[in-house]
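S.K.: Okay, so here is structure-v7.txt, and as you'll see once you scroll down, it has compact mmCIF, C-alpha atoms.
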```txt
# COMPACT_ATOMS: atom_id res chain seq x y z
CA MET Y 21 -98.93 193.00 -108.94
CA PRO Y 22 -101.85 192.81 -106.46
CA LEU Y 23 -104.78 195.16 -106.99
CA ASP Y 24 -104.70 198.21 -104.75
CA PRO Y 25 -107.40 197.80 -102.03
CA SER Y 26 -107.49 201.56 -101.48
CA PHE Y 27 -109.64 201.74 -104.65
CA VAL Y 28 -112.66 200.34 -102.76
CA GLY Y 29 -115.40 202.97 -102.75
CA ARG Y 30 -113.92 204.99 -105.61
CA THR Y 31 -116.54 206.50 -107.95
CA TYR Y 32 -115.69 207.63 -111.46
CA PRO Y 33 -117.15 210.61 -113.34
CA PRO Y 34 -120.34 209.88 -115.35
CA THR Y 35 -119.75 208.57 -118.87
CA ALA Y 36 -120.82 210.52 -121.95
CA PRO Y 37 -124.58 210.13 -122.63
CA TYR Y 38 -125.59 207.06 -124.68
CA GLN Y 39 -128.62 207.53 -126.94
CA VAL Y 40 -130.62 204.28 -126.98
CA GLY Y 41 -131.85 203.77 -130.54
CA ARG Y 42 -134.89 201.78 -131.60
CA GLU Y 43 -132.86 199.94 -134.26
CA LYS Y 44 -130.13 199.09 -131.72
CA ILE Y 45 -132.72 197.44 -129.46
CA ARG Y 46 -134.15 195.56 -132.45
CA GLU Y 47 -130.65 194.47 -133.50
CA PHE Y 48 -129.79 193.25 -130.00
CA ALA Y 49 -133.13 191.45 -129.59
CA THR Y 50 -132.70 189.79 -132.99
CA ALA Y 51 -129.16 188.65 -132.09
CA ILE Y 52 -130.47 186.81 -129.01
CA GLY Y 53 -133.59 185.52 -130.78
CA ALA Y 54 -135.97 187.59 -128.63
CA ASN Y 55 -139.07 187.84 -130.81
CA ASP Y 56 -141.54 189.45 -128.43
CA PRO Y 57 -143.20 192.28 -130.38
CA ALA Y 58 -142.49 194.77 -127.56
CA HIS Y 59 -138.77 194.56 -128.50
CA HIS Y 60 -139.53 195.37 -132.13
CA GLU Y 61 -142.80 197.31 -132.56
CA PRO Y 62 -143.42 200.62 -130.76
CA GLU Y 63 -147.18 199.94 -130.71
CA ALA Y 64 -146.65 196.65 -128.84
CA ALA Y 65 -144.41 198.40 -126.29
CA GLN Y 66 -146.92 201.23 -125.89
CA ALA Y 67 -149.63 198.67 -125.17
CA LEU Y 68 -147.52 197.69 -122.13
CA GLY Y 69 -147.24 201.32 -121.07
CA HIS Y 70 -143.79 202.15 -122.47
CA PRO Y 71 -143.00 205.09 -124.74
CA ASP Y 72 -141.09 203.00 -127.30
CA VAL Y 73 -139.58 199.53 -127.86
CA VAL Y 74 -138.35 197.76 -124.71
CA ALA Y 75 -134.80 196.39 -124.44
CA PRO Y 76 -134.19 192.78 -123.34
CA PRO Y 77 -132.95 192.41 -119.73
CA THR Y 78 -129.24 192.09 -120.56
CA PHE Y 79 -129.19 194.97 -123.07
CA PRO Y 80 -127.64 197.41 -120.53
CA VAL Y 81 -124.35 195.50 -120.91
CA VAL Y 82 -123.94 197.29 -124.26
CA LEU Y 83 -123.39 200.47 -122.26
CA THR Y 84 -121.87 199.10 -119.08
CA MET Y 85 -119.22 196.98 -120.76
CA ALA Y 86 -117.94 200.06 -122.59
CA ALA Y 87 -118.22 202.12 -119.40
CA SER Y 88 -116.27 199.57 -117.35
CA ARG Y 89 -113.18 200.37 -119.40
CA GLN Y 90 -112.91 203.42 -117.12
CA ILE Y 91 -112.00 201.01 -114.31
CA ILE Y 92 -110.32 198.16 -116.15
CA GLU Y 93 -108.05 200.51 -118.07
CA ASP Y 94 -107.33 202.78 -115.08
CA PRO Y 95 -103.51 202.61 -115.02
CA ALA Y 96 -103.48 203.41 -111.30
CA LEU Y 97 -105.56 200.28 -110.52
CA GLY Y 98 -103.38 198.15 -112.78
CA VAL Y 99 -105.69 195.38 -114.05
CA ASP Y 100 -103.95 193.04 -116.51
CA TYR Y 101 -106.70 192.76 -119.14
CA SER Y 102 -105.24 189.57 -120.62
CA ARG Y 103 -105.77 187.85 -117.24
CA LEU Y 104 -109.28 189.20 -116.66
CA VAL Y 105 -112.15 186.71 -116.36
CA HIS Y 106 -115.80 187.75 -116.02
CA GLY Y 107 -117.10 185.91 -112.95
CA ASP Y 108 -120.55 187.24 -112.05
CA GLN Y 109 -123.11 189.59 -113.53
CA ARG Y 110 -126.26 191.01 -111.95
CA PHE Y 111 -128.89 193.58 -112.89
CA ALA Y 112 -131.46 195.27 -110.62
CA TYR Y 113 -134.00 197.21 -112.65
CA THR Y 114 -135.99 200.27 -111.68
CA ARG Y 115 -137.57 200.03 -115.13
CA PRO Y 116 -136.59 198.50 -118.49
CA VAL Y 117 -134.41 200.46 -120.91
CA VAL Y 118 -136.51 201.83 -123.77
CA ALA Y 119 -135.69 203.43 -127.11
CA GLY Y 120 -135.20 207.17 -126.73
CA ASP Y 121 -133.48 206.90 -123.37
CA GLU Y 122 -130.38 209.01 -123.00
CA LEU Y 123 -128.30 207.21 -120.39
CA VAL Y 124 -125.14 207.81 -118.41
CA CYS Y 125 -123.17 205.27 -116.38
CA VAL Y 126 -121.62 206.00 -113.00
CA ASN Y 127 -119.03 203.39 -112.03
CA THR Y 128 -118.11 202.57 -108.45
CA ILE Y 129 -115.56 200.03 -107.25
CA GLU Y 130 -117.36 198.05 -104.54
CA ASP Y 131 -114.66 195.54 -103.69
CA VAL Y 132 -111.03 194.82 -104.42
CA SER Y 133 -109.24 191.88 -102.86
CA THR Y 134 -106.51 189.34 -103.43
CA ARG Y 135 -107.00 185.72 -102.40
CA GLY Y 136 -104.95 182.68 -103.30
CA GLY Y 137 -102.84 184.72 -105.67
CA HIS Y 138 -105.85 185.90 -107.69
CA GLY Y 139 -107.28 189.40 -107.75
CA PHE Y 140 -111.02 189.98 -107.29
CA LEU Y 141 -112.81 193.11 -108.43
CA THR Y 142 -116.48 194.00 -107.96
CA THR Y 143 -117.89 196.97 -109.84
CA ARG Y 144 -121.29 198.63 -109.63
CA THR Y 145 -122.58 200.73 -112.49
CA ASP Y 146 -125.57 202.96 -111.89
CA VAL Y 147 -127.31 203.55 -115.19
CA ARG Y 148 -129.53 206.64 -115.12
CA THR Y 149 -131.03 209.10 -117.54
CA VAL Y 150 -129.31 212.40 -118.19
CA GLY Y 151 -132.10 213.87 -116.05
CA GLY Y 152 -130.97 211.74 -113.10
CA GLU Y 153 -133.77 209.13 -113.14
CA PRO Y 154 -132.41 205.72 -112.05
CA VAL Y 155 -132.98 202.95 -114.61
CA VAL Y 156 -130.86 199.93 -113.69
CA ALA Y 157 -128.00 199.08 -111.33
CA VAL Y 158 -125.47 196.63 -112.75
CA TRP Y 159 -122.88 194.64 -110.84
CA ALA Y 160 -119.97 192.74 -112.36
CA LYS Y 161 -117.38 190.61 -110.62
CA TYR Y 162 -114.06 189.91 -112.26
CA VAL Y 163 -111.19 187.60 -111.42
CA VAL Y 164 -107.70 188.68 -112.39
CA ARG Y 165 -105.90 185.34 -112.63
CA GLY Y 166 -102.56 185.25 -110.84
CA GLU Y 167 -99.30 184.47 -112.60
CA ALA Y 168 -98.89 180.71 -112.97
CA MET X 5 -142.95 174.28 -109.11
CA GLU X 6 -140.75 173.47 -112.07
CA LEU X 7 -141.10 175.49 -115.29
CA ALA X 8 -141.01 173.91 -118.75
CA ALA X 9 -137.44 173.49 -120.03
CA LYS X 10 -136.29 175.62 -122.95
CA THR X 11 -133.50 174.69 -125.35
CA PHE X 12 -131.41 177.18 -127.32
CA ARG X 13 -129.16 176.17 -130.22
CA VAL X 14 -125.93 178.17 -130.41
CA THR X 15 -123.80 178.26 -133.56
CA ARG X 16 -120.73 180.24 -134.59
CA ALA X 17 -122.99 182.46 -136.68
CA ASP X 18 -124.96 183.35 -133.51
CA LEU X 19 -121.73 184.38 -131.77
CA VAL X 20 -120.71 186.62 -134.66
CA GLN X 21 -124.15 188.23 -134.69
CA TYR X 22 -124.07 188.74 -130.90
CA ALA X 23 -120.56 190.21 -131.09
CA GLY X 24 -121.80 192.81 -133.55
CA ALA X 25 -124.98 193.62 -131.64
CA SER X 26 -123.29 193.85 -128.22
CA GLY X 27 -119.96 195.38 -129.22
CA ASP X 28 -118.01 192.55 -127.53
CA PHE X 29 -115.39 191.60 -130.13
CA ASN X 30 -113.10 189.57 -127.85
CA PRO X 31 -111.51 187.08 -130.32
CA ILE X 32 -111.99 184.10 -127.98
CA HIS X 33 -115.61 184.26 -129.21
CA TRP X 34 -114.73 183.91 -132.92
CA SER X 35 -111.12 182.75 -133.38
CA ASP X 36 -110.05 179.17 -132.57
CA ARG X 37 -106.45 180.32 -132.94
CA VAL X 38 -106.78 182.90 -130.15
CA ALA X 39 -109.08 180.73 -127.99
CA THR X 40 -106.69 177.76 -127.97
CA LYS X 41 -103.71 180.04 -127.37
CA VAL X 42 -105.24 181.14 -124.03
CA GLY X 43 -105.92 177.53 -123.04
CA LEU X 44 -109.56 177.13 -124.07
CA PRO X 45 -110.67 174.02 -125.99
CA GLY X 46 -111.90 176.28 -128.81
CA VAL X 47 -114.19 179.23 -129.45
CA ILE X 48 -116.59 179.81 -126.54
CA ALA X 49 -119.86 181.72 -126.36
CA HIS X 50 -119.86 185.14 -124.70
CA GLY X 51 -120.95 184.63 -121.09
CA MET X 52 -123.31 187.53 -121.67
CA PHE X 53 -124.81 185.72 -124.69
CA THR X 54 -125.61 182.71 -122.52
CA MET X 55 -127.01 185.10 -119.91
CA ALA X 56 -129.13 186.76 -122.61
CA LEU X 57 -130.57 183.41 -123.73
CA VAL X 58 -131.41 182.53 -120.14
CA GLY X 59 -132.95 186.01 -119.81
CA ARG X 60 -135.12 185.19 -122.82
CA ALA X 61 -136.30 182.04 -121.06
CA VAL X 62 -137.11 184.10 -117.96
CA THR X 63 -139.12 186.73 -119.86
CA GLU X 64 -140.96 183.97 -121.75
CA TRP X 65 -141.84 182.24 -118.49
CA ALA X 66 -142.90 185.62 -117.07
CA GLY X 67 -145.13 186.15 -120.09
CA SER X 68 -143.91 189.72 -120.54
CA PRO X 69 -140.64 191.25 -121.80
CA ASP X 70 -140.66 193.96 -119.11
CA ALA X 71 -141.35 191.77 -116.07
CA VAL X 72 -137.79 191.15 -114.86
CA VAL X 73 -136.97 193.07 -111.68
CA GLU X 74 -133.64 191.47 -110.84
CA TYR X 75 -131.42 188.97 -112.64
CA GLY X 76 -127.97 187.63 -111.77
CA VAL X 77 -125.67 184.74 -112.67
CA ARG X 78 -122.21 183.35 -112.00
CA PHE X 79 -120.29 182.05 -115.00
CA THR X 80 -118.80 178.70 -114.02
CA ARG X 81 -118.03 176.82 -117.24
CA PRO X 82 -117.55 177.98 -120.82
CA VAL X 83 -120.03 177.04 -123.56
CA VAL X 84 -117.78 175.63 -126.29
CA VAL X 85 -119.24 176.19 -129.77
CA PRO X 86 -117.85 173.93 -132.51
CA ASP X 87 -117.36 175.24 -136.05
CA ASP X 88 -120.13 173.23 -137.70
CA ASP X 89 -123.77 173.76 -138.65
CA GLN X 90 -125.11 172.14 -135.48
CA GLY X 91 -123.12 174.17 -132.94
CA THR X 92 -124.20 173.24 -129.43
CA GLU X 93 -127.25 173.51 -127.20
CA VAL X 94 -127.95 175.31 -123.95
CA GLU X 95 -130.84 173.91 -121.91
CA VAL X 96 -132.55 176.15 -119.36
CA THR X 97 -134.84 175.05 -116.54
CA ALA X 98 -136.13 176.86 -113.47
CA VAL X 99 -137.99 176.27 -110.26
CA VAL X 100 -140.13 178.79 -108.42
CA ARG X 101 -138.40 179.42 -105.10
CA GLU X 102 -140.80 181.98 -103.69
CA VAL X 103 -143.89 184.01 -104.53
CA THR X 104 -144.01 187.13 -102.38
CA GLU X 105 -147.04 189.06 -101.14
CA GLU X 106 -145.79 192.05 -103.14
CA GLY X 107 -146.44 190.16 -106.39
CA LEU X 108 -142.89 189.06 -107.10
CA THR X 109 -141.82 185.56 -108.14
CA ARG X 110 -138.27 184.39 -107.43
CA LEU X 111 -136.80 181.77 -109.75
CA ASP X 112 -133.76 179.54 -109.35
CA VAL X 113 -132.51 178.90 -112.87
CA THR X 114 -130.28 176.12 -114.19
CA ALA X 115 -128.44 176.32 -117.51
CA THR X 116 -126.59 173.31 -118.87
CA CYS X 117 -124.56 172.48 -121.97
CA LEU X 118 -123.79 168.82 -122.77
CA GLY X 119 -125.16 167.92 -119.34
CA GLU X 120 -122.81 170.24 -117.40
CA LYS X 121 -123.91 173.36 -115.55
CA VAL X 122 -122.56 176.50 -117.21
CA LEU X 123 -123.99 178.95 -114.66
CA SER X 124 -124.39 178.84 -110.92
CA GLN X 125 -126.38 181.04 -108.54
CA ALA X 126 -128.58 181.98 -111.50
CA ARG X 127 -131.55 183.78 -110.02
CA ALA X 128 -134.26 186.00 -111.39
CA THR X 129 -137.05 187.96 -109.78
CA ILE X 130 -140.05 188.68 -111.98
CA ARG X 131 -143.31 190.50 -111.48
CA THR X 132 -146.10 187.97 -111.38
CA ALA X 133 -148.11 188.07 -114.61
CA ARG X 134 -150.55 190.94 -114.87
```
Please re-express this file's structure in structure tokens.
M.R.:
Amino acid sequence: MPLDPSFVGRTYPPTAPYQVGREKIREFATAIGANDPAHHEPEAAQALGHPDVVAPPTFPVVLTMAASRQIIEDPALGVDYSRLVHGDQRFAYTRPVVAGDELVCVNTIEDVSTRGGHGFLTTRTDVRTVGGEPVVAVWAKYVVRGEA
Amino acid sequence: MELAAKTFRVTRADLVQYAGASGDFNPIHWSDRVATKVGLPGVIAHGMFTMALVGRAVTEWAGSPDAVVEYGVRFTRPVVVPDDDQGTEVEVTAVVREVTEEGLTRLDVTATCLGEKVLSQARATIRTAR
């Protein structure tokens, strides 16, 4: 079933706030081998002008991947998850995520199309603090492979 | 200008650790049975794990963990990770495409595994070192 192009421009309600923990940043940094002290020691992050440890650049995916389920599991859009392939990923940062942030995600569908029997979906997730301060904008492109 | 290449070893243990840290438990990243059933040669790395390693290279080149302003990639080829102690290797190189008057440096990044590109259109913008 082709994806419904009328979903272009649709924005979903903000997700529940995500509390960014210092240990979660350390755990993520350790998992990718990022040893810079600013990911692990508050004093090192403060020396760079941040209130607490700084997350690595791709850390926001911890929130945005969970948030994207709003779109991917929207029964009205009808994405077949078993045929979903992650094509592109991009981040544009206002500032890095830091421990102590309380963040919400606002998902927007930027593009929906069908070409050559495959579905294409572009999502934008605006990650901001509960106070409304923008932190990072995150784009993902997915391919929904057509039936063979 | 070309930046010094960086090499990252990737083993099954790394994928398990990344799955836990990121919350991405898709079984194609830890089960050969599931991976081969969907037509993959075997367990593959999370695309976002590869992107994270490349991001590490970018922050190391930048000289600061908070210097990345923009970062994007296209996933073109899976990184297959064999179930042995050696795993595989991802090699990351970059060239400086532009240095702007506003103090930004734009990088074109290349990531390869076994000599094949695993990302395309991999680009990062970093603040020039303070």
S.K.: With all atoms listed in the file counted and 6 Å as the cut-off, give the residues of chain X in contact with chain Y, each with its shortest interatomic distance in Å and the pair that gives it, as JSON lines.
M.R.:
```
{"residue": "X:Gln21", "atom": "CA", "partner": "Y:Ala51", "partner_atom": "CA", "distance": 5.7}
{"residue": "X:Tyr22", "atom": "CA", "partner": "Y:Ala51", "partner_atom": "CA", "distance": 5.2}
{"residue": "X:Ala25", "atom": "CA", "partner": "Y:Phe48", "partner_atom": "CA", "distance": 5.1}
{"residue": "X:Ser26", "atom": "CA", "partner": "Y:Val82", "partner_atom": "CA", "distance": 5.3}
{"residue": "X:Ala56", "atom": "CA", "partner": "Y:Thr78", "partner_atom": "CA", "distance": 5.7}
{"residue": "X:Val73", "atom": "CA", "partner": "Y:Tyr113", "partner_atom": "CA", "distance": 5.2}
{"residue": "X:Glu74", "atom": "CA", "partner": "Y:Ala112", "partner_atom": "CA", "distance": 4.4}
{"residue": "X:Tyr75", "atom": "CA", "partner": "Y:Phe111", "partner_atom": "CA", "distance": 5.3}
{"residue": "X:Gly76", "atom": "CA", "partner": "Y:Arg110", "partner_atom": "CA", "distance": 3.8}
{"residue": "X:Val77", "atom": "CA", "partner": "Y:Gln109", "partner_atom": "CA", "distance": 5.6}
{"residue": "X:Arg78", "atom": "CA", "partner": "Y:Asp108", "partner_atom": "CA", "distance": 4.2}
{"residue": "X:Phe79", "atom": "CA", "partner": "Y:Gly107", "partner_atom": "CA", "distance": 5.4}
```
S.K.: Residues as selected, C-alpha atoms, written as a compact mmCIF listing (two decimals), in the coordinates of the input, can you do that?
M.R.:
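After the write, selection16.txt holds the following:
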```
# COMPACT_ATOMS: atom_id res chain seq x y z
CA GLN X 21 -124.15 188.23 -134.69
CA TYR X 22 -124.07 188.74 -130.90
CA ALA X 25 -124.98 193.62 -131.64
CA SER X 26 -123.29 193.85 -128.22
CA ALA X 56 -129.13 186.76 -122.61
CA VAL X 73 -136.97 193.07 -111.68
CA GLU X 74 -133.64 191.47 -110.84
CA TYR X 75 -131.42 188.97 -112.64
CA GLY X 76 -127.97 187.63 -111.77
CA VAL X 77 -125.67 184.74 -112.67
CA ARG X 78 -122.21 183.35 -112.00
CA PHE X 79 -120.29 182.05 -115.00
```
S.K.: Smallest atom-to-atom distance to Thr15 (chain X): which of X:Glu102, X:Glu120, X:Asp87, X:Asp112, using all atoms listed in the file?
M.R.: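 So, comparing all the options, the nearest one is X:Asp87.
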S.K.: Pick out the residues sitting within 7 Å of Cys125 (chain Y), and hand them over as a list in words; count all atoms listed in the file, and ignore anything fewer than 5 positions along from it in its own chain.
M.R.: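 Surrounding residues, per the criterion: Pro34, Thr35, Thr84, Ala87, Thr145, Asp146, Val147 and Arg148 of chain Y.
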S.K.: Neighbours of region 149-152 of chain Y within 8 Å (all atoms listed in the file; same-chain residues fewer than 2 positions away dropped), as number ranges by chain?
M.R.: Y: 37, 121-124, 147, 154-155
S.K.: So how many Å separate CA of Thr142 (chain Y) and CA of Arg165 (chain Y), to one decimal?
M.R.: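 Calculated distance between CA of Thr142 (chain Y) and CA of Arg165 (chain Y) is 14.4 Å.
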S.K.: Need to verify the contact set: Gln90 (chain X), 10 Å, all atoms listed in the file, exclusion of same-chain residues closer than 5 positions in sequence. Can you return it as a VMD selection string?
M.R.: chain X and resid 13 to 16 85
S.K.: Between Y:Ile92, Y:Ala119, Y:Thr128, Y:Val99, which is the closest to Pro33 (chain Y) once you count all atoms listed in the file?
M.R.: Y:Thr128
S.K.: Counting all atoms listed in the file, which of Y:Gly139, Y:Gly98, Y:Gly29, Y:Gly41 gets nearest to Val163 (chain Y)?
M.R.: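 Once distances to Val163 (chain Y) are computed over all atoms listed in the file, the minimum belongs to Y:Gly139.
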S.K.: Taking (-127.9, 178.9, -125.5) in the coordinates of the supplied file, I want to know which residues reach to within 8 Å of it, counting all atoms listed in the file; could you give the answer as a PyMOL selection string?
M.R.: chain X and resi 11-14+53-54+57-58+92-95
S.K.: Those same residues - C-alpha atoms - I'd like them written as a PDB file, in the frame of the given file.
M.R.:
```pdb
ATOM      1  CA  THR X  11    -133.500 174.690-125.350  1.00  0.00           C
ATOM      2  CA  PHE X  12    -131.410 177.180-127.320  1.00  0.00           C
ATOM      3  CA  ARG X  13    -129.160 176.170-130.220  1.00  0.00           C
ATOM      4  CA  VAL X  14    -125.930 178.170-130.410  1.00  0.00           C
ATOM      5  CA  PHE X  53    -124.810 185.720-124.690  1.00  0.00           C
ATOM      6  CA  THR X  54    -125.610 182.710-122.520  1.00  0.00           C
ATOM      7  CA  LEU X  57    -130.570 183.410-123.730  1.00  0.00           C
ATOM      8  CA  VAL X  58    -131.410 182.530-120.140  1.00  0.00           C
ATOM      9  CA  THR X  92    -124.200 173.240-129.430  1.00  0.00           C
ATOM     10  CA  GLU X  93    -127.250 173.510-127.200  1.00  0.00           C
ATOM     11  CA  VAL X  94    -127.950 175.310-123.950  1.00  0.00           C
ATOM     12  CA  GLU X  95    -130.840 173.910-121.910  1.00  0.00           C
TER      13      GLU X  95
END
```
S.K.: What separation in Å, quoted to one decimal, exists between CA of Asp94 (chain Y) and CA of Thr40 (chain X)?
M.R.: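 Pair CA of Asp94 (chain Y) / CA of Thr40 (chain X) returns 28.2 Å.
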S.K.: Hey, can you check how far CA of Ala98 (chain X) sits from CA of Arg81 (chain X)?
M.R.: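 Separation of CA of Ala98 (chain X) and CA of Arg81 (chain X): 18.5 Å.
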S.K.: Using all atoms listed in the file, which residue out of X:Ala115, X:Met5, X:Leu108, X:Val96 lies closest to Glu64 (chain X)?
M.R.: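 Under the stated criterion, the closest residue is X:Val96.
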S.K.: Using only C-alpha atoms, find the one residue out of X:Asp70, X:Gly107, X:Cys117, X:Lys10 that sits nearest to Val118 (chain Y).
M.R.: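 Closest residue, counting only C-alpha atoms: X:Asp70.
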S.K.: Need a file for region 100-115 of chain Y from that block: N, CA, C and O atoms, written as a JSON list (two decimals), in the first residue's frame.
M.R.:
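And here is the file that came out, out.json:
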```json
[["chain", "number", "residue", "atom", "x", "y", "z"],
["Y", 100, "ASP", "N", 5.01, -0.20, 6.85],
["Y", 100, "ASP", "CA", 5.30, -1.60, 7.19],
["Y", 100, "ASP", "C", 6.71, -1.63, 7.80],
["Y", 100, "ASP", "O", 7.71, -1.55, 7.08],
["Y", 101, "TYR", "N", 6.77, -1.76, 9.13],
["Y", 101, "TYR", "CA", 8.05, -1.64, 9.84],
["Y", 101, "TYR", "C", 9.06, -2.67, 9.35],
["Y", 101, "TYR", "O", 10.26, -2.39, 9.27],
["Y", 102, "SER", "N", 8.59, -3.86, 8.96],
["Y", 102, "SER", "CA", 9.52, -4.92, 8.56],
["Y", 102, "SER", "C", 10.19, -4.57, 7.22],
["Y", 102, "SER", "O", 11.18, -5.20, 6.86],
["Y", 103, "ARG", "N", 9.66, -3.57, 6.50],
["Y", 103, "ARG", "CA", 10.24, -3.18, 5.21],
["Y", 103, "ARG", "C", 10.96, -1.83, 5.31],
["Y", 103, "ARG", "O", 11.35, -1.25, 4.30],
["Y", 104, "LEU", "N", 11.11, -1.33, 6.54],
["Y", 104, "LEU", "CA", 11.65, 0.01, 6.73],
["Y", 104, "LEU", "C", 13.18, -0.02, 6.77],
["Y", 104, "LEU", "O", 13.78, -0.80, 7.51],
["Y", 105, "VAL", "N", 13.81, 0.82, 5.96],
["Y", 105, "VAL", "CA", 15.27, 0.93, 5.94],
["Y", 105, "VAL", "C", 15.63, 2.39, 6.22],
["Y", 105, "VAL", "O", 15.06, 3.31, 5.64],
["Y", 106, "HIS", "N", 16.58, 2.59, 7.15],
["Y", 106, "HIS", "CA", 17.05, 3.93, 7.49],
["Y", 106, "HIS", "C", 18.01, 4.39, 6.40],
["Y", 106, "HIS", "O", 19.05, 3.77, 6.19],
["Y", 107, "GLY", "N", 17.66, 5.47, 5.70],
["Y", 107, "GLY", "CA", 18.47, 5.90, 4.56],
["Y", 107, "GLY", "C", 19.44, 7.01, 4.89],
["Y", 107, "GLY", "O", 20.63, 6.93, 4.57],
["Y", 108, "ASP", "N", 18.95, 8.07, 5.52],
["Y", 108, "ASP", "CA", 19.78, 9.25, 5.80],
["Y", 108, "ASP", "C", 19.51, 9.72, 7.23],
["Y", 108, "ASP", "O", 18.42, 9.52, 7.75],
["Y", 109, "GLN", "N", 20.50, 10.39, 7.78],
["Y", 109, "GLN", "CA", 20.34, 10.97, 9.12],
["Y", 109, "GLN", "C", 21.12, 12.27, 9.17],
["Y", 109, "GLN", "O", 22.27, 12.33, 8.69],
["Y", 110, "ARG", "N", 20.51, 13.31, 9.73],
["Y", 110, "ARG", "CA", 21.22, 14.60, 9.82],
["Y", 110, "ARG", "C", 20.82, 15.32, 11.11],
["Y", 110, "ARG", "O", 19.67, 15.22, 11.54],
["Y", 111, "PHE", "N", 21.78, 16.03, 11.68],
["Y", 111, "PHE", "CA", 21.56, 16.80, 12.89],
["Y", 111, "PHE", "C", 22.04, 18.24, 12.64],
["Y", 111, "PHE", "O", 23.11, 18.44, 12.08],
["Y", 112, "ALA", "N", 21.24, 19.21, 13.07],
["Y", 112, "ALA", "CA", 21.68, 20.62, 13.06],
["Y", 112, "ALA", "C", 21.51, 21.13, 14.49],
["Y", 112, "ALA", "O", 20.39, 21.19, 15.00],
["Y", 113, "TYR", "N", 22.65, 21.51, 15.10],
["Y", 113, "TYR", "CA", 22.65, 21.79, 16.54],
["Y", 113, "TYR", "C", 22.58, 23.29, 16.81],
["Y", 113, "TYR", "O", 23.35, 24.06, 16.22],
["Y", 114, "THR", "N", 21.69, 23.67, 17.73],
["Y", 114, "THR", "CA", 21.76, 25.01, 18.29],
["Y", 114, "THR", "C", 22.82, 25.02, 19.39],
["Y", 114, "THR", "O", 23.62, 25.95, 19.50],
["Y", 115, "ARG", "N", 22.82, 23.93, 20.17],
["Y", 115, "ARG", "CA", 23.85, 23.72, 21.19],
["Y", 115, "ARG", "C", 23.90, 22.22, 21.48],
["Y", 115, "ARG", "O", 22.96, 21.49, 21.14]]
```
